[in-house]
$ cat protein_25.txt   # compact mmCIF, C-alpha atoms
# COMPACT_ATOMS: atom_id res chain seq x y z
CA MET A 98 -102.65 -224.90 131.83
CA ALA A 99 -101.20 -221.50 130.89
CA ASN A 100 -103.12 -218.20 131.06
CA GLY A 101 -103.35 -215.81 128.11
CA LEU A 102 -104.49 -212.19 128.24
CA LEU A 103 -106.62 -211.16 125.26
CA ILE A 104 -105.47 -207.85 123.79
CA CYS A 105 -106.04 -205.84 120.62
CA THR A 106 -102.91 -203.92 119.67
CA GLY A 107 -104.36 -202.21 116.61
CA THR A 108 -102.53 -201.18 113.46
CA GLY A 109 -103.80 -197.66 112.80
CA LYS A 110 -102.41 -194.32 113.97
CA ASN A 111 -105.01 -194.15 116.73
CA LYS A 112 -106.25 -196.65 119.27
CA ASN A 113 -109.39 -196.93 121.41
CA ILE A 114 -107.96 -197.45 124.89
CA GLY A 115 -111.25 -199.10 125.86
CA ASP A 116 -109.89 -202.36 124.42
CA TYR A 117 -107.20 -202.31 127.10
CA ILE A 118 -109.73 -201.55 129.81
CA GLN A 119 -111.43 -204.75 128.67
CA SER A 120 -108.11 -206.55 129.03
CA LEU A 121 -107.73 -205.23 132.58
CA ALA A 122 -111.11 -206.73 133.42
CA GLN A 123 -109.62 -210.13 132.54
CA LYS A 124 -106.28 -209.44 134.19
CA GLN A 125 -107.73 -209.00 137.67
CA PHE A 126 -108.81 -212.66 137.64
CA LEU A 127 -105.45 -214.09 136.54
CA ASN A 128 -102.87 -215.14 139.15
CA LYS A 129 -100.29 -215.12 136.35
CA ILE A 130 -100.11 -214.11 132.69
CA ASP A 131 -98.03 -216.39 130.50
CA CYS A 132 -98.63 -214.65 127.19
CA TYR A 133 -100.65 -212.08 125.30
CA VAL A 134 -103.20 -213.28 122.73
CA GLU A 135 -103.89 -210.88 119.86
CA ARG A 136 -107.63 -210.69 119.19
CA GLU A 137 -107.17 -209.96 115.49
CA LYS A 138 -104.89 -212.99 114.91
CA LEU A 139 -106.71 -215.69 116.85
CA ASP A 140 -106.30 -218.37 114.19
CA GLU A 141 -102.51 -217.83 114.11
CA PHE A 142 -101.89 -218.20 117.84
CA VAL A 143 -99.33 -220.83 118.85
CA TYR A 144 -97.85 -221.55 122.27
CA LYS A 145 -95.88 -224.28 124.01
CA GLU A 146 -99.03 -225.51 125.74
CA LYS A 147 -102.75 -224.90 125.67
CA VAL A 148 -103.80 -221.50 127.02
CA ASN A 149 -106.92 -220.40 128.92
CA VAL A 150 -108.31 -217.23 127.33
CA ILE A 151 -111.34 -215.19 128.39
CA MET A 152 -112.99 -214.15 125.12
CA ASN A 153 -114.69 -210.91 126.12
CA GLY A 154 -115.04 -207.76 124.06
CA TRP A 155 -115.65 -206.59 120.51
CA PHE A 156 -115.19 -209.13 117.67
CA MET A 157 -113.73 -208.23 115.23
CA HIS A 158 -111.95 -206.17 112.56
CA HIS A 159 -110.68 -209.27 110.73
CA PRO A 160 -113.53 -211.80 110.93
CA THR A 161 -111.69 -214.38 108.80
CA LYS A 162 -109.30 -214.84 111.76
CA PHE A 163 -112.09 -216.59 113.68
CA PRO A 164 -112.39 -219.26 115.05
CA PRO A 165 -109.29 -219.38 117.27
CA SER A 166 -106.47 -221.90 116.92
CA GLU A 167 -106.43 -225.21 118.80
CA TRP A 168 -103.91 -223.77 121.29
CA ILE A 169 -106.66 -221.63 122.85
CA ASN A 170 -109.05 -222.93 125.51
CA PRO A 171 -111.74 -220.23 125.41
CA LEU A 172 -114.35 -218.92 127.80
CA PHE A 173 -116.97 -216.94 125.90
CA VAL A 174 -118.46 -214.30 128.17
CA SER A 175 -119.24 -210.65 127.44
CA PHE A 176 -118.85 -211.57 123.77
CA HIS A 177 -119.91 -209.03 121.13
CA ILE A 178 -120.03 -209.59 117.37
CA VAL A 179 -120.13 -206.48 115.21
CA PRO A 180 -123.11 -207.02 112.87
CA ARG A 181 -121.45 -205.68 109.73
CA ASN A 182 -118.86 -208.47 109.94
CA ALA A 183 -121.15 -211.20 111.24
CA ASN A 184 -121.65 -212.96 107.89
CA LYS A 185 -117.89 -213.23 107.35
CA MET A 186 -117.23 -214.29 110.92
CA LEU A 187 -120.04 -216.79 111.46
CA THR A 188 -119.01 -219.42 108.93
CA PRO A 189 -120.25 -223.01 109.35
CA LYS A 190 -116.87 -223.82 110.92
CA ALA A 191 -117.15 -220.92 113.37
CA ILE A 192 -120.72 -221.79 114.32
CA GLU A 193 -119.70 -225.37 115.11
CA TYR A 194 -116.81 -224.03 117.15
CA LEU A 195 -119.12 -221.81 119.21
CA LYS A 196 -121.55 -224.68 119.73
CA HIS A 197 -118.70 -226.77 121.12
CA TYR A 198 -118.13 -224.13 123.84
CA GLN A 199 -121.75 -223.11 124.43
CA PRO A 200 -123.52 -221.61 126.27
CA ILE A 201 -122.01 -218.35 125.03
CA GLY A 202 -122.28 -215.33 127.32
CA THR A 203 -122.96 -212.22 125.23
CA ARG A 204 -122.20 -208.65 126.22
CA ASP A 205 -125.43 -207.36 124.67
CA THR A 206 -128.82 -208.65 123.62
CA GLY A 207 -128.09 -207.86 119.95
CA THR A 208 -125.30 -210.44 119.86
CA CYS A 209 -127.47 -212.90 121.78
CA ASP A 210 -130.25 -212.61 119.18
CA LEU A 211 -127.70 -213.01 116.36
CA LEU A 212 -126.25 -216.23 117.78
CA LYS A 213 -129.67 -217.70 118.50
CA LYS A 214 -130.54 -217.32 114.81
CA HIS A 215 -127.60 -219.63 114.09
CA GLY A 216 -128.74 -222.20 116.65
CA VAL A 217 -126.07 -221.35 119.24
CA ASP A 218 -127.06 -221.68 122.90
CA CYS A 219 -126.36 -218.29 124.49
CA TYR A 220 -127.40 -215.87 127.22
CA PHE A 221 -126.96 -212.20 128.10
CA SER A 222 -124.01 -212.03 130.50
CA GLY A 223 -123.40 -208.30 130.59
CA CYS A 224 -119.87 -206.90 130.28
CA LEU A 225 -116.85 -208.22 132.16
CA SER A 226 -115.91 -204.62 133.00
CA LEU A 227 -118.82 -204.69 135.49
CA THR A 228 -116.46 -206.69 137.72
CA LEU A 229 -113.68 -204.06 137.77
CA GLY A 230 -114.67 -203.04 141.28
CA LEU A 231 -112.87 -206.15 142.49
CA HIS A 232 -109.58 -204.35 141.98
CA TYR A 233 -110.22 -200.69 141.17
CA HIS A 234 -112.94 -199.46 143.54
CA SER A 235 -111.80 -196.53 145.70
CA GLU A 236 -113.35 -194.95 148.78
CA GLU A 237 -111.07 -191.94 148.29
CA LYS A 238 -112.62 -189.20 146.14
CA SER A 239 -110.78 -186.48 144.25
CA GLY A 240 -113.74 -184.12 143.96
CA LYS A 241 -113.34 -184.10 140.17
CA VAL A 242 -115.77 -184.59 137.31
CA TYR A 243 -114.57 -186.16 134.06
CA PHE A 244 -116.09 -185.69 130.61
CA VAL A 245 -114.92 -188.64 128.52
CA ASP A 246 -115.80 -188.22 124.83
CA PRO A 247 -119.22 -186.67 125.57
CA TYR A 248 -121.35 -186.93 122.45
CA TYR A 249 -122.66 -183.88 120.62
CA GLU A 250 -123.39 -182.98 117.01
CA PHE A 251 -122.01 -179.99 115.20
CA GLY A 252 -121.38 -179.44 111.52
CA ASN A 253 -122.81 -182.86 110.63
CA GLY A 254 -125.48 -181.50 108.32
CA GLU A 255 -125.25 -180.31 104.74
CA GLY A 256 -125.89 -177.08 102.89
CA HIS A 257 -128.21 -174.66 104.68
CA HIS A 258 -128.33 -176.83 107.81
CA PHE A 259 -124.54 -176.81 108.09
CA LEU A 260 -124.37 -173.02 107.66
CA SER A 261 -127.12 -172.60 110.24
CA GLN A 262 -125.12 -174.66 112.76
CA LEU A 263 -122.00 -172.59 112.08
CA LEU A 264 -123.92 -169.34 112.51
CA SER A 265 -125.49 -170.56 115.74
CA ALA A 266 -122.07 -171.58 117.11
CA PHE A 267 -120.58 -168.22 116.11
CA CYS A 268 -123.38 -166.30 117.83
CA ASN A 269 -122.96 -168.39 120.96
CA TYR A 270 -119.23 -167.72 120.84
CA LEU A 271 -119.82 -163.95 120.72
CA ARG A 272 -122.29 -164.22 123.60
CA HIS A 273 -119.90 -166.18 125.84
CA ARG A 274 -116.52 -165.37 124.33
CA LYS A 275 -114.45 -165.26 127.52
CA LYS A 276 -115.96 -168.49 128.83
CA ILE A 277 -115.52 -170.37 125.56
CA ASN A 278 -111.94 -169.21 125.06
CA LYS A 279 -111.16 -170.61 128.50
CA LEU A 280 -113.01 -173.87 127.93
CA SER A 281 -111.52 -174.50 124.47
CA LYS A 282 -108.03 -174.73 125.98
CA LYS A 283 -108.97 -177.93 127.82
CA PHE A 284 -111.82 -179.31 125.72
CA VAL A 285 -111.17 -182.57 123.88
CA CYS A 286 -113.64 -185.05 122.43
CA GLU A 287 -113.71 -187.60 119.63
CA PHE A 288 -117.49 -187.41 119.26
CA SER A 289 -117.43 -183.87 118.01
CA SER A 290 -117.98 -182.70 114.48
CA ARG A 291 -117.08 -182.71 110.86
CA LEU A 292 -114.69 -179.87 111.70
CA SER A 293 -112.74 -182.02 114.14
CA ARG A 294 -110.19 -182.86 111.44
CA TYR A 295 -109.08 -179.21 111.58
CA SER A 296 -106.90 -177.82 114.33
CA THR A 297 -106.99 -174.03 114.21
CA LYS A 298 -107.92 -172.15 117.36
CA TRP A 299 -110.93 -170.57 115.66
CA GLU A 300 -112.38 -173.89 114.54
CA LYS A 301 -111.89 -175.38 117.99
CA ARG A 302 -113.61 -172.38 119.54
CA LEU A 303 -116.64 -172.92 117.30
CA MET A 304 -116.84 -176.58 118.32
CA THR A 305 -116.46 -175.64 121.97
CA ALA A 306 -119.15 -172.97 121.60
CA SER A 307 -121.56 -175.57 120.25
CA PHE A 308 -120.70 -178.00 123.05
CA TYR A 309 -121.15 -175.31 125.70
CA ARG A 310 -124.49 -174.20 124.27
CA TYR A 311 -126.07 -177.63 124.72
CA TYR A 312 -124.30 -179.02 127.77
CA SER A 313 -124.80 -175.83 129.80
CA THR A 314 -128.53 -176.59 129.80
CA LEU A 315 -127.88 -179.56 132.11
CA PHE A 316 -124.52 -178.75 133.73
CA SER A 317 -123.53 -175.69 135.75
CA ASP A 318 -120.50 -173.64 134.82
CA ASP A 319 -118.58 -174.94 137.82
CA VAL A 320 -118.83 -178.44 136.32
CA LEU A 321 -118.00 -177.51 132.74
CA PHE A 322 -115.01 -175.32 133.59
CA GLN A 323 -113.51 -177.36 136.42
CA ALA A 324 -113.93 -180.77 134.79
CA GLU A 325 -111.14 -182.70 133.12
CA TYR A 326 -111.79 -183.66 129.48
CA ILE A 327 -110.47 -187.00 128.25
CA THR A 328 -110.66 -188.93 125.00
CA HIS A 329 -110.29 -192.71 124.76
CA LYS A 330 -108.95 -192.29 121.23
CA VAL A 331 -105.18 -192.11 121.76
CA LYS A 332 -102.18 -191.94 119.44
CA GLN A 333 -100.34 -195.23 119.03
CA SER A 334 -97.04 -193.35 118.83
CA LEU A 335 -97.34 -192.37 122.50
CA PHE A 336 -96.84 -195.98 123.60
CA LYS A 337 -93.94 -198.30 122.91
CA ASP A 338 -95.81 -201.55 123.62
CA ASP A 339 -98.92 -203.23 125.04
CA ASP A 340 -97.65 -202.94 128.60
CA GLU A 341 -97.62 -199.15 128.36
CA LYS A 342 -101.16 -199.14 126.95
CA LEU A 343 -102.34 -201.34 129.81
CA GLN A 344 -100.64 -199.01 132.27
CA TYR A 345 -102.37 -195.97 130.75
CA ALA A 346 -105.74 -197.77 130.84
CA GLU A 347 -105.12 -198.53 134.51
CA GLU A 348 -104.31 -194.88 135.22
CA LEU A 349 -107.63 -193.89 133.66
CA LEU A 350 -109.52 -196.41 135.78
CA MET A 351 -107.89 -195.06 138.93
CA LYS A 352 -108.97 -191.53 137.94
CA TYR A 353 -112.54 -192.66 137.32
CA ALA A 354 -112.60 -194.61 140.60
CA LYS A 355 -111.90 -191.42 142.57
CA ALA A 356 -114.22 -189.14 140.58
CA ASN A 357 -117.35 -187.49 141.92
CA TYR A 358 -118.93 -188.62 138.68
CA VAL A 359 -118.21 -189.18 134.99
CA VAL A 360 -120.06 -188.04 131.85
CA THR A 361 -119.36 -190.15 128.77
CA SER A 362 -120.56 -191.58 125.48
CA ARG A 363 -118.00 -194.39 125.67
CA ILE A 364 -119.57 -197.69 126.63
CA HIS A 365 -116.19 -198.88 127.92
CA CYS A 366 -115.95 -195.90 130.18
CA ALA A 367 -119.55 -196.08 131.42
CA LEU A 368 -119.60 -199.82 132.16
CA PRO A 369 -116.33 -199.73 134.14
CA CYS A 370 -117.67 -196.77 136.12
CA VAL A 371 -120.73 -198.81 137.04
CA GLY A 372 -118.42 -201.67 138.06
CA ILE A 373 -116.19 -199.49 140.25
CA GLU A 374 -119.23 -197.70 141.73
CA THR A 375 -118.46 -194.26 140.34
CA PRO A 376 -121.65 -192.39 139.38
CA VAL A 377 -121.89 -192.07 135.62
CA LEU A 378 -124.13 -190.26 133.12
CA PHE A 379 -124.25 -191.91 129.72
CA VAL A 380 -124.88 -189.67 126.71
CA THR A 381 -126.38 -191.46 123.73
CA SER A 382 -128.17 -190.72 120.46
CA SER A 383 -129.87 -192.61 117.66
CA LYS A 384 -126.63 -192.32 115.64
CA LEU A 385 -124.51 -193.91 118.37
CA GLU A 386 -126.99 -196.73 118.82
CA GLY A 387 -127.61 -197.55 115.19
CA ASP A 388 -124.84 -196.65 112.78
CA SER A 389 -123.00 -199.38 110.90
CA PHE A 390 -119.59 -198.67 112.42
CA ARG A 391 -120.67 -198.83 116.04
CA SER A 392 -123.07 -201.74 115.57
CA ALA A 393 -126.82 -201.50 115.88
CA GLY A 394 -127.99 -203.33 118.99
CA ARG A 395 -124.67 -203.11 120.82
CA PHE A 396 -126.31 -201.21 123.71
CA GLY A 397 -129.07 -203.81 124.15
CA GLY A 398 -129.30 -204.78 127.82
CA VAL A 399 -126.29 -202.79 129.02
CA ILE A 400 -127.86 -199.35 128.51
CA ASP A 401 -130.36 -200.29 131.22
CA PHE A 402 -127.52 -200.07 133.76
CA PHE A 403 -127.03 -196.31 133.13
CA HIS A 404 -128.62 -192.98 133.91
CA VAL A 405 -129.10 -191.71 130.36
CA LEU A 406 -128.85 -188.30 128.74
CA ARG A 407 -130.08 -188.37 125.15
CA TRP A 408 -129.02 -186.18 122.25
CA THR A 409 -132.05 -185.15 120.18
CA SER A 410 -132.74 -182.65 117.42
CA LYS A 411 -133.51 -180.17 120.20
CA GLY A 412 -130.25 -180.81 122.02
CA LEU A 413 -129.45 -182.69 125.21
CA VAL A 414 -132.35 -184.19 127.17
CA ASN A 415 -132.20 -185.77 130.62
CA CYS A 416 -133.87 -189.19 130.35
CA SER A 417 -132.42 -190.55 133.59
CA SER A 418 -134.41 -192.07 136.41
CA LEU A 419 -132.85 -189.72 138.97
CA PRO A 420 -135.10 -187.86 141.42
CA GLN A 421 -136.68 -184.64 140.15
CA SER A 422 -134.54 -182.63 142.57
CA LEU A 423 -131.43 -183.74 140.64
CA THR A 424 -132.67 -183.23 137.09
CA ASN A 425 -132.25 -179.46 136.67
CA LYS A 426 -128.54 -178.65 136.49
CA PHE A 427 -125.76 -180.89 137.74
CA SER A 428 -123.13 -179.25 139.91
CA THR A 429 -119.72 -180.70 140.77
CA ASP A 430 -121.03 -182.19 144.02
CA THR A 431 -124.53 -183.23 142.93
CA PRO A 432 -125.10 -186.47 144.88
CA PHE A 433 -126.38 -189.43 142.90
CA ALA A 434 -125.65 -193.14 142.65
CA ASN A 435 -125.74 -195.70 139.86
CA LYS A 436 -128.52 -198.20 139.45
CA LYS A 437 -128.03 -201.56 141.20
CA ASN A 438 -129.56 -203.78 138.51
CA TYR A 439 -126.09 -204.79 137.28
CA LEU A 440 -125.15 -206.60 140.49
CA LYS A 441 -126.60 -210.00 139.60
CA TYR A 442 -124.69 -209.99 136.30
CA LYS A 443 -121.49 -208.98 138.07
CA GLU A 444 -121.81 -211.83 140.57
CA GLU A 445 -122.55 -214.39 137.86
CA LEU A 446 -119.57 -213.23 135.82
CA ILE A 447 -117.26 -213.57 138.83
CA LYS A 448 -118.50 -217.12 139.49
CA ARG A 449 -118.25 -218.13 135.85
CA VAL A 450 -114.72 -216.80 135.30
CA ASN A 451 -113.37 -218.21 138.55
CA SER A 452 -114.87 -221.60 137.75
CA PHE A 453 -113.30 -221.57 134.29
CA LEU A 454 -109.87 -220.67 135.60
CA ARG A 455 -110.13 -223.33 138.30
CA ASP A 456 -111.47 -226.18 136.15
CA GLY A 457 -110.48 -225.12 132.62
CA LYS A 458 -114.06 -225.36 131.37
$ encode --input "protein_25.txt" --output "structure tokens"
Amino acid sequence: MANGLLICTGTGKNKNIGDYIQSLAQKQFLNKIDCYVEREKLDEFVYKEKVNVIMNGWFMHHPTKFPPSEWINPLFVSFHIVPRNANKMLTPKAIEYLKHYQPIGTRDTGTCDLLKKHGVDCYFSGCLSLTLGLHYHSEEKSGKVYFVDPYYEFGNGEGHHFLSQLLSAFCNYLRHRKKINKLSKKFVCEFSSRLSRYSTKWEKRLMTASFYRYYSTLFSDDVLFQAEYITHKVKQSLFKDDDEKLQYAEELLMKYAKANYVVTSRIHCALPCVGIETPVLFVTSSKLEGDSFRSAGRFGGVIDFFHVLRWTSKGLVNCSSLPQSLTNKFSTDTPFANKKNYLKYKEELIKRVNSFLRDGK
């Protein structure tokens, strides 16, 4: 039987490279790749023979394209259904399809609860990116810290609240002008503010001033000014095809593998870091966990694998389980390790995927 690699090319101007990190998690198990399978066109897929496909990741922008065509032999692990599209996706036909391939391994407990309501046998499998250490773990360390789309809120209010935020950012800029001018040259983040659609130097300085105000309460200046800032939201025009996107995703993984640690609000940065054994701090908020776009419940189960920093109305709060000696300010070389509670899910995923690729079921 042939092997297909599940991808999501995307059609907009921008692309979340996390989808390709998910594809790399599959790729490390495949001794050969016969074809790419587009996630958003599953019902249209045709090939010269039946194709094994690991169905992990986020499903989906076009829910009417589910269930997949008869040319696909699926393994459902690390499967997430976005709640806002669940009613369109989980038709009677789709539910019967899932029951035929049950038990379904879900990436999060929210998806597990959703499928159980429809009578589908399922279990929490965790994310396939927890296995990325099979191929991308590195003992070599670069001494670098990476901030990958670290969440913060600025300019998201209205009226007086919005003006108050602007004034606060401006005052912080005046107080730390030299520092913020330096930091703004390298700062990049998708989770930023309502001003992020603008591009003037002054507006970026205000956003950077707000970021510095809150993150400097937990991170020393040597971290904030020496770190590399990365966004997973990339321009499609930078890549000619899926191979180039996979290559870029691989380059990011190799950076993260050698990092001292990573700070992120991207679940598909944090989970891979856990898998490759790079210490990671996950920044979350009630908005990230519960808004309609990012799917309420999508962190269920997986957030327990992280050391968590939480954005509140008072700013950034350290909610991690790290020792008290490490909970003041993080420096570049602050020593800490990830939790180990993910290991049993990693091992089960490895067994399940290898068995599927060996036996086709």
$ residues_around --input "protein_25.txt" --residues "range 192-194 of chain A" --least-positions-apart "4" --cutoff "12 Å" --atoms "all atoms listed in the file" --output "PyMOL selection string"
chain A and resi 163-167+169-171+173+183-188+198-201+211-218
$ atom_distance --input "protein_25.txt" --atom1 "CA of Glu135 in chain A" --atom2 "CA of Lys330 in chain A"
19.3 Å
$ closest_residue --input "protein_25.txt" --among "A:Trp168, A:Tyr439, A:Tyr248, A:Tyr358" --to "Ser222 in chain A" --atoms "all atoms listed in the file"
A:Tyr439
$ closest_residue --input "protein_25.txt" --among "A:Leu303, A:Ile151, A:Ile178, A:Leu350" --to "Ile118 in chain A" --atoms "all atoms listed in the file"
A:Leu350
$ residues_around --input "protein_25.txt" --residues "Ala434 in chain A" --least-positions-apart "3" --cutoff "8 Å" --atoms "all atoms listed in the file" --output "count of residues only"
3
$ closest_residue --input "protein_25.txt" --among "A:Asn100, A:Ser362, A:His159, A:Lys279" --to "Asp140 in chain A" --atoms "all atoms listed in the file"
A:His159
$ closest_atom_pairs --input "protein_25.txt" --of "range 347-390 of chain A" --to "range 308-327 of chain A" --cutoff "10 Å" --atoms "all atoms listed in the file" --output "tab-separated table"
residue	atom	partner	partner_atom	distance
A:Leu349	CA	A:Ile327	CA	9.2
A:Val359	CA	A:Ala324	CA	9.4
A:Val360	CA	A:Tyr326	CA	9.7
A:Thr361	CA	A:Ile327	CA	9.4
$ closest_residue --input "protein_25.txt" --among "A:Cys224, A:Val377, A:Cys219, A:Ile364" --to "Asp205 in chain A" --atoms "only C-alpha atoms"
A:Cys224
$ closest_residue --input "protein_25.txt" --among "A:Phe156, A:Ile104, A:Gln125, A:Arg302" --to "Lys283 in chain A" --atoms "only C-alpha atoms"
A:Arg302
$ atom_distance --input "protein_25.txt" --atom1 "CA of Thr328 in chain A" --atom2 "CA of Val380 in chain A"
14.3 Å
$ axis_aligned_box --input "protein_25.txt" --around "range 194-197 of chain A" --padding-each-side "5 Å" --output "JSON"
{"center_x": -119.2, "center_y": -224.3, "center_z": 119.1, "size_x": 14.7, "size_y": 15.0, "size_z": 14.0}
$ atom_distance --input "protein_25.txt" --atom1 "CA of Leu225 in chain A" --atom2 "CA of Tyr243 in chain A"
22.3 Å
$ residues_near_point --input "protein_25.txt" --point "(-115.4, -203.3, 121.5)" --cutoff "9 Å" --atoms "all atoms listed in the file" --output "number ranges by chain"
A: 113, 115-116, 119, 153-157, 177-179, 364-365, 391
